[in-house]
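Colleague: Below is start-v8.cif; it holds mmCIF, C-alpha atoms.
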```
data_run
#
loop_
_atom_site.group_PDB
_atom_site.id
_atom_site.type_symbol
_atom_site.label_atom_id
_atom_site.label_comp_id
_atom_site.auth_asym_id
_atom_site.auth_seq_id
_atom_site.Cartn_x
_atom_site.Cartn_y
_atom_site.Cartn_z
ATOM 1 C CA ILE A 11 16.453 -3.510 1.529
ATOM 2 C CA ARG A 12 17.256 -6.872 3.109
ATOM 3 C CA LYS A 13 13.792 -7.197 4.691
ATOM 4 C CA PHE A 14 12.095 -6.029 1.498
ATOM 5 C CA ASN A 15 13.998 -8.394 -0.801
ATOM 6 C CA ALA A 16 13.460 -11.323 1.595
ATOM 7 C CA ILE A 17 9.731 -11.133 0.757
ATOM 8 C CA VAL A 18 9.642 -9.620 -2.732
ATOM 9 C CA SER A 19 10.983 -11.499 -5.767
ATOM 10 C CA ASN A 20 11.902 -9.892 -9.078
ATOM 11 C CA GLU A 21 8.660 -11.256 -10.585
ATOM 12 C CA ASP A 22 6.391 -9.747 -7.906
ATOM 13 C CA GLU A 23 4.350 -6.621 -8.592
ATOM 14 C CA LEU A 24 4.129 -4.217 -5.719
ATOM 15 C CA TYR A 25 2.931 -0.754 -4.919
ATOM 16 C CA LEU A 26 4.819 1.820 -2.882
ATOM 17 C CA LEU A 27 2.293 4.328 -1.595
ATOM 18 C CA GLY A 28 4.234 7.537 -1.517
ATOM 19 C CA ASP A 29 7.240 9.266 -0.045
ATOM 20 C CA CYS A 30 9.602 6.584 -1.297
ATOM 21 C CA ILE A 31 12.683 8.685 -0.602
ATOM 22 C CA LEU A 32 13.623 11.660 1.528
ATOM 23 C CA GLY A 33 16.873 13.594 1.562
ATOM 24 C CA ASP A 34 19.539 13.238 -1.091
ATOM 25 C CA ILE A 35 17.941 12.039 -4.331
ATOM 26 C CA GLU A 36 21.011 10.421 -5.891
ATOM 27 C CA GLN A 37 21.895 8.430 -2.779
ATOM 28 C CA ASN A 38 18.328 7.265 -2.166
ATOM 29 C CA ILE A 39 17.720 6.330 -5.806
ATOM 30 C CA GLU A 40 20.604 3.880 -5.410
ATOM 31 C CA TYR A 41 18.577 2.177 -2.665
ATOM 32 C CA LEU A 42 15.462 1.972 -4.860
ATOM 33 C CA LYS A 43 17.543 0.371 -7.628
ATOM 34 C CA ARG A 44 18.388 -2.487 -5.259
ATOM 35 C CA LEU A 45 14.754 -3.382 -4.499
ATOM 36 C CA ASN A 46 13.287 -6.499 -6.085
ATOM 37 C CA GLY A 47 10.026 -6.489 -7.975
ATOM 38 C CA LYS A 48 8.067 -4.592 -10.561
ATOM 39 C CA ILE A 49 7.311 -1.423 -8.634
ATOM 40 C CA HIS A 50 4.374 0.936 -9.060
ATOM 41 C CA ILE A 51 4.795 4.222 -7.201
ATOM 42 C CA ILE A 52 1.835 6.166 -5.894
ATOM 43 C CA LEU A 53 3.068 9.679 -5.250
ATOM 44 C CA GLY A 54 3.099 11.239 -1.804
ATOM 45 C CA ASN A 55 3.457 14.746 -0.474
ATOM 46 C CA HIS A 56 7.283 14.540 -0.388
ATOM 47 C CA ASP A 57 7.608 13.233 -3.956
ATOM 48 C CA THR A 58 8.871 16.370 -5.663
ATOM 49 C CA MET A 59 9.123 16.760 -9.429
ATOM 50 C CA ALA A 60 12.852 15.980 -9.204
ATOM 51 C CA ARG A 61 12.142 12.763 -7.278
ATOM 52 C CA GLN A 62 9.413 11.798 -9.744
ATOM 53 C CA SER A 63 11.878 12.181 -12.633
ATOM 54 C CA ALA A 64 14.400 10.050 -10.779
ATOM 55 C CA TYR A 65 11.805 7.320 -10.155
ATOM 56 C CA LYS A 66 10.875 7.230 -13.826
ATOM 57 C CA SER A 67 14.521 6.657 -14.781
ATOM 58 C CA LEU A 68 14.709 3.322 -12.919
ATOM 59 C CA ASN A 69 14.297 -0.041 -14.665
ATOM 60 C CA ASN A 70 12.339 -1.602 -11.792
ATOM 61 C CA ILE A 71 9.711 1.175 -11.724
ATOM 62 C CA ILE A 72 6.639 0.313 -13.843
ATOM 63 C CA ASP A 73 4.686 3.534 -13.373
ATOM 64 C CA VAL A 74 4.399 6.652 -11.251
ATOM 65 C CA LYS A 75 0.988 8.195 -10.547
ATOM 66 C CA TYR A 76 -1.077 9.944 -7.897
ATOM 67 C CA ALA A 77 -3.585 7.153 -7.210
ATOM 68 C CA ASP A 78 -4.769 3.880 -8.709
ATOM 69 C CA MET A 79 -7.620 1.378 -8.637
ATOM 70 C CA ILE A 80 -6.706 -2.297 -8.809
ATOM 71 C CA LYS A 81 -8.622 -5.561 -8.691
ATOM 72 C CA ILE A 82 -6.812 -8.487 -7.095
ATOM 73 C CA LYS A 83 -7.846 -12.121 -7.479
ATOM 74 C CA THR A 84 -6.706 -14.444 -4.697
ATOM 75 C CA GLU A 85 -7.692 -17.900 -3.496
ATOM 76 C CA ASN A 86 -10.070 -16.046 -1.128
ATOM 77 C CA GLY A 87 -11.930 -14.157 -3.875
ATOM 78 C CA THR A 88 -11.661 -10.949 -5.872
ATOM 79 C CA PHE A 89 -11.082 -7.637 -4.122
ATOM 80 C CA ASN A 90 -11.101 -3.987 -5.193
ATOM 81 C CA PHE A 91 -8.552 -1.522 -3.867
ATOM 82 C CA TYR A 92 -8.115 2.216 -4.149
ATOM 83 C CA LEU A 93 -4.411 2.985 -3.699
ATOM 84 C CA SER A 94 -3.439 6.406 -2.418
ATOM 85 C CA HIS A 95 -0.840 8.064 -0.265
ATOM 86 C CA PHE A 96 -3.415 9.699 1.999
ATOM 87 C CA PRO A 97 -6.170 7.799 3.849
ATOM 88 C CA THR A 98 -9.405 8.047 1.871
ATOM 89 C CA HIS A 99 -12.839 6.913 2.961
ATOM 90 C CA THR A 100 -14.050 4.648 0.113
ATOM 91 C CA ALA A 101 -16.509 2.203 1.693
ATOM 92 C CA ASN A 102 -18.460 1.242 4.769
ATOM 93 C CA LEU A 103 -20.195 -1.857 6.076
ATOM 94 C CA ASP A 104 -23.496 -1.169 4.293
ATOM 95 C CA ASP A 105 -22.999 -4.222 2.086
ATOM 96 C CA HIS A 106 -23.221 -6.447 5.171
ATOM 97 C CA GLY A 107 -19.458 -6.562 5.451
ATOM 98 C CA GLU A 108 -18.921 -8.474 2.211
ATOM 99 C CA LEU A 109 -15.388 -7.514 1.365
ATOM 100 C CA SER A 110 -15.767 -8.369 -2.320
ATOM 101 C CA ARG A 111 -18.449 -5.645 -2.636
ATOM 102 C CA MET A 112 -16.313 -2.898 -1.109
ATOM 103 C CA ILE A 113 -13.556 -0.672 -2.393
ATOM 104 C CA ILE A 114 -10.800 -0.864 0.189
ATOM 105 C CA ASN A 115 -8.383 2.037 0.586
ATOM 106 C CA LEU A 116 -4.737 1.089 0.981
ATOM 107 C CA TYR A 117 -2.648 4.079 2.047
ATOM 108 C CA GLY A 118 0.650 5.227 3.552
ATOM 109 C CA HIS A 119 1.434 8.738 4.846
ATOM 110 C CA THR A 120 0.354 8.540 8.493
ATOM 111 C CA HIS A 121 3.343 6.673 10.012
ATOM 112 C CA GLN A 122 0.921 5.076 12.441
ATOM 113 C CA LYS A 123 1.650 1.857 14.310
ATOM 114 C CA SER A 124 -1.824 0.388 13.758
ATOM 115 C CA ASN A 125 -3.113 -1.022 10.481
ATOM 116 C CA PHE A 126 -6.433 0.828 10.337
ATOM 117 C CA TYR A 127 -7.311 4.491 10.109
ATOM 118 C CA MET A 128 -9.472 5.231 13.168
ATOM 119 C CA ASP A 129 -10.274 1.475 13.373
ATOM 120 C CA ASN A 130 -12.100 1.670 10.014
ATOM 121 C CA PRO A 131 -11.805 -1.766 8.337
ATOM 122 C CA THR A 132 -12.014 -0.241 4.846
ATOM 123 C CA MET A 133 -8.935 1.991 5.312
ATOM 124 C CA TYR A 134 -5.737 -0.058 5.675
ATOM 125 C CA HIS A 135 -2.288 1.393 6.416
ATOM 126 C CA VAL A 136 0.430 -0.398 4.413
ATOM 127 C CA GLY A 137 3.321 1.718 5.667
ATOM 128 C CA VAL A 138 6.344 -0.068 7.073
ATOM 129 C CA ASP A 139 5.664 1.654 10.420
ATOM 130 C CA SER A 140 2.880 -0.820 11.243
ATOM 131 C CA HIS A 141 4.468 -3.879 9.620
ATOM 132 C CA GLY A 142 7.889 -4.218 11.259
ATOM 133 C CA CYS A 143 9.609 -2.486 8.319
ATOM 134 C CA PHE A 144 8.494 -5.267 5.958
ATOM 135 C CA PRO A 145 6.276 -4.919 2.904
ATOM 136 C CA VAL A 146 2.832 -6.365 3.594
ATOM 137 C CA GLU A 147 1.410 -9.153 1.444
ATOM 138 C CA ILE A 148 -2.091 -8.947 -0.036
ATOM 139 C CA ASN A 149 -3.379 -12.102 1.698
ATOM 140 C CA ASP A 150 -2.269 -10.702 5.071
ATOM 141 C CA ILE A 151 -4.082 -7.451 4.279
ATOM 142 C CA ILE A 152 -7.284 -9.321 3.420
ATOM 143 C CA THR A 153 -7.080 -11.425 6.592
ATOM 144 C CA ASP A 154 -6.519 -8.326 8.745
ATOM 145 C CA ILE A 155 -9.451 -6.536 7.102
ATOM 146 C CA LYS A 156 -11.807 -9.508 7.563
ATOM 147 C CA ASN A 157 -10.841 -9.688 11.225
ATOM 148 C CA GLN A 158 -11.415 -5.951 11.670
ATOM 149 C CA ILE A 159 -14.829 -6.204 9.975
ATOM 150 C CA ASN A 160 -15.797 -8.889 12.500
ATOM 151 C CA VAL A 161 -14.661 -6.640 15.356
ATOM 152 C CA CYS A 162 -16.800 -3.808 13.970
ATOM 153 C CA LYS A 163 -19.804 -6.099 13.493
ATOM 154 C CA SER A 164 -19.596 -7.103 17.145
ATOM 155 C CA TYR A 165 -20.355 -3.472 18.052
ATOM 156 C CA LEU A 166 -23.456 -3.263 15.829
#
```
Would you write the structure of this file as structure tokens?

Modeller:
Amino acid sequence: IRKFNAIVSNEDELYLLGDCILGDIEQNIEYLKRLNGKIHIILGNHDTMARQSAYKSLNNIIDVKYADMIKIKTENGTFNFYLSHFPTHTANLDDHGELSRMIINLYGHTHQKSNFYMDNPTMYHVGVDSHGCFPVEINDIITDIKNQINVCKSYL
């Protein structure tokens, strides 16, 4: 909670990509209540109906759904993301690696230590396992993806 709230303000919108709590629902919901931000939850395989109901009861939860598509405008351009709990192949480098022309999958689930699913630059792991238990910011994601695209291009 401390690491999360050090980065996320109450005005920030963020997406939690599944399996937000495990174990005792009442105890863990108390932790979610303490998180800053306007939170969108993408459901994971451990998000039971009871947990979903608990999420929906919280004031800081904006919505709860199985997947989402979002478009993000940054100082580096506009980017399209498919948000899911499970890694999903949504793009490749056919568009000459132009990130603005791709749909990038952001996912959780795998508990991997690396940021990319099988080194694929269009499938980015946002789980705390690969980010030092901190939420990851969109500009950092875009920078990591651009760097990974360049690595992949060097093999072509």

Colleague: For stretch 111-127 of chain A, list every protein, DNA or RNA residue within 6 Å, evaluated using only C-alpha atoms, and leave out those in the same chain fewer than 6 positions away; present the list as a list in words.

Modeller: Leu27, Asn90, Phe91, Tyr92, Leu93, Ser94, His95, Phe96, Pro97, Thr100, Ala101, Met133, Tyr134, His135, Val136, Gly137, Asp139 and Ser140 of chain A

Colleague: How would the residues just picked look written out with C-alpha atoms as a PDB file, in the coordinates of the input?

Modeller:
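Generated output (again-v7.pdb):
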```pdb
ATOM      1  CA  LEU A  27       2.293   4.328  -1.595  1.00  0.00           C
ATOM      2  CA  ASN A  90     -11.101  -3.987  -5.193  1.00  0.00           C
ATOM      3  CA  PHE A  91      -8.552  -1.522  -3.867  1.00  0.00           C
ATOM      4  CA  TYR A  92      -8.115   2.216  -4.149  1.00  0.00           C
ATOM      5  CA  LEU A  93      -4.411   2.985  -3.699  1.00  0.00           C
ATOM      6  CA  SER A  94      -3.439   6.406  -2.418  1.00  0.00           C
ATOM      7  CA  HIS A  95      -0.840   8.064  -0.265  1.00  0.00           C
ATOM      8  CA  PHE A  96      -3.415   9.699   1.999  1.00  0.00           C
ATOM      9  CA  PRO A  97      -6.170   7.799   3.849  1.00  0.00           C
ATOM     10  CA  THR A 100     -14.050   4.648   0.113  1.00  0.00           C
ATOM     11  CA  ALA A 101     -16.509   2.203   1.693  1.00  0.00           C
ATOM     12  CA  MET A 133      -8.935   1.991   5.312  1.00  0.00           C
ATOM     13  CA  TYR A 134      -5.737  -0.058   5.675  1.00  0.00           C
ATOM     14  CA  HIS A 135      -2.288   1.393   6.416  1.00  0.00           C
ATOM     15  CA  VAL A 136       0.430  -0.398   4.413  1.00  0.00           C
ATOM     16  CA  GLY A 137       3.321   1.718   5.667  1.00  0.00           C
ATOM     17  CA  ASP A 139       5.664   1.654  10.420  1.00  0.00           C
ATOM     18  CA  SER A 140       2.880  -0.820  11.243  1.00  0.00           C
TER      19      SER A 140
END
```

Colleague: Go ahead and find all residues with at least one atom no further than 12 Å from (4.1, 14.5, -7.2) in the file's coordinates, using all atoms listed in the file; report them as a tab-separated table (two decimals) with C-alpha atoms, in the frame of the given file.

Modeller:
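Result file result25.tsv:
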```tsv
chain	number	residue	atom	x	y	z
A	27	LEU	CA	2.29	4.33	-1.60
A	28	GLY	CA	4.23	7.54	-1.52
A	29	ASP	CA	7.24	9.27	-0.04
A	30	CYS	CA	9.60	6.58	-1.30
A	51	ILE	CA	4.80	4.22	-7.20
A	52	ILE	CA	1.84	6.17	-5.89
A	53	LEU	CA	3.07	9.68	-5.25
A	54	GLY	CA	3.10	11.24	-1.80
A	55	ASN	CA	3.46	14.75	-0.47
A	56	HIS	CA	7.28	14.54	-0.39
A	57	ASP	CA	7.61	13.23	-3.96
A	58	THR	CA	8.87	16.37	-5.66
A	59	MET	CA	9.12	16.76	-9.43
A	60	ALA	CA	12.85	15.98	-9.20
A	61	ARG	CA	12.14	12.76	-7.28
A	62	GLN	CA	9.41	11.80	-9.74
A	63	SER	CA	11.88	12.18	-12.63
A	64	ALA	CA	14.40	10.05	-10.78
A	65	TYR	CA	11.80	7.32	-10.15
A	66	LYS	CA	10.88	7.23	-13.83
A	74	VAL	CA	4.40	6.65	-11.25
A	75	LYS	CA	0.99	8.20	-10.55
A	76	TYR	CA	-1.08	9.94	-7.90
A	77	ALA	CA	-3.58	7.15	-7.21
A	95	HIS	CA	-0.84	8.06	-0.26
```

Colleague: Where does the PyMOL selection byres ((chain A and resi 14-17) around 12) land in this file, that is, which residues does it pick, as number ranges by chain?

Modeller: A: 11-13, 18-24, 26, 41-47, 138, 141-147

Colleague: One decimal, in Å: what's the spacing between atom CA of A:Pro131 and atom CA of A:Ile155?

Modeller: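 Going from atom CA of A:Pro131 over to atom CA of A:Ile155 covers 5.5 Å.
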
Colleague: Determine the nearest neighbour of A:Cys162 from the options A:Asp78, A:Asp150, A:Asp73, A:Asp129, counting all atoms listed in the file.

Modeller: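 Among the listed residues, A:Asp129 lies closest to A:Cys162.
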
Colleague: Enter the distance from atom CA of A:His99 to atom CA of A:Asn86, in Å, rounded to one decimal.

Modeller: 23.5 Å

Colleague: Can you give me, as a PyMOL selection string, the residues this file yields under the PyMOL selection byres ((chain A and resi 166) around 12)?

Modeller: chain A and resi 103-104+106-107+159-165

Colleague: To one decimal in Å, tell me the separation between atom CA of A:Asn38 and atom CA of A:Ile72.

Modeller: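 Distance reported for this atom pair: 17.9 Å.
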
Colleague: Counting all atoms listed in the file, figure out which residue out of A:Ser67, A:Asn130, A:Lys83, A:Leu109 gets nearest to A:Thr153.

Modeller: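 Comparing A:Ser67, A:Asn130, A:Lys83, A:Leu109 against A:Thr153, the winner is A:Leu109.
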
Colleague: Can you work out which one of A:Ile39, A:Gly87, A:Met128, A:Ile49 has the shortest atom-to-atom distance to A:Glu108, counting all atoms listed in the file?

Modeller: A:Gly87

Colleague: Looking at A:Asn157, A:Ile31, A:Leu68, A:Glu36, which one is nearest to A:Lys48, with distances taken over all atoms listed in the file?

Modeller: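 Residue with the minimum atom-to-atom distance to A:Lys48: A:Leu68.
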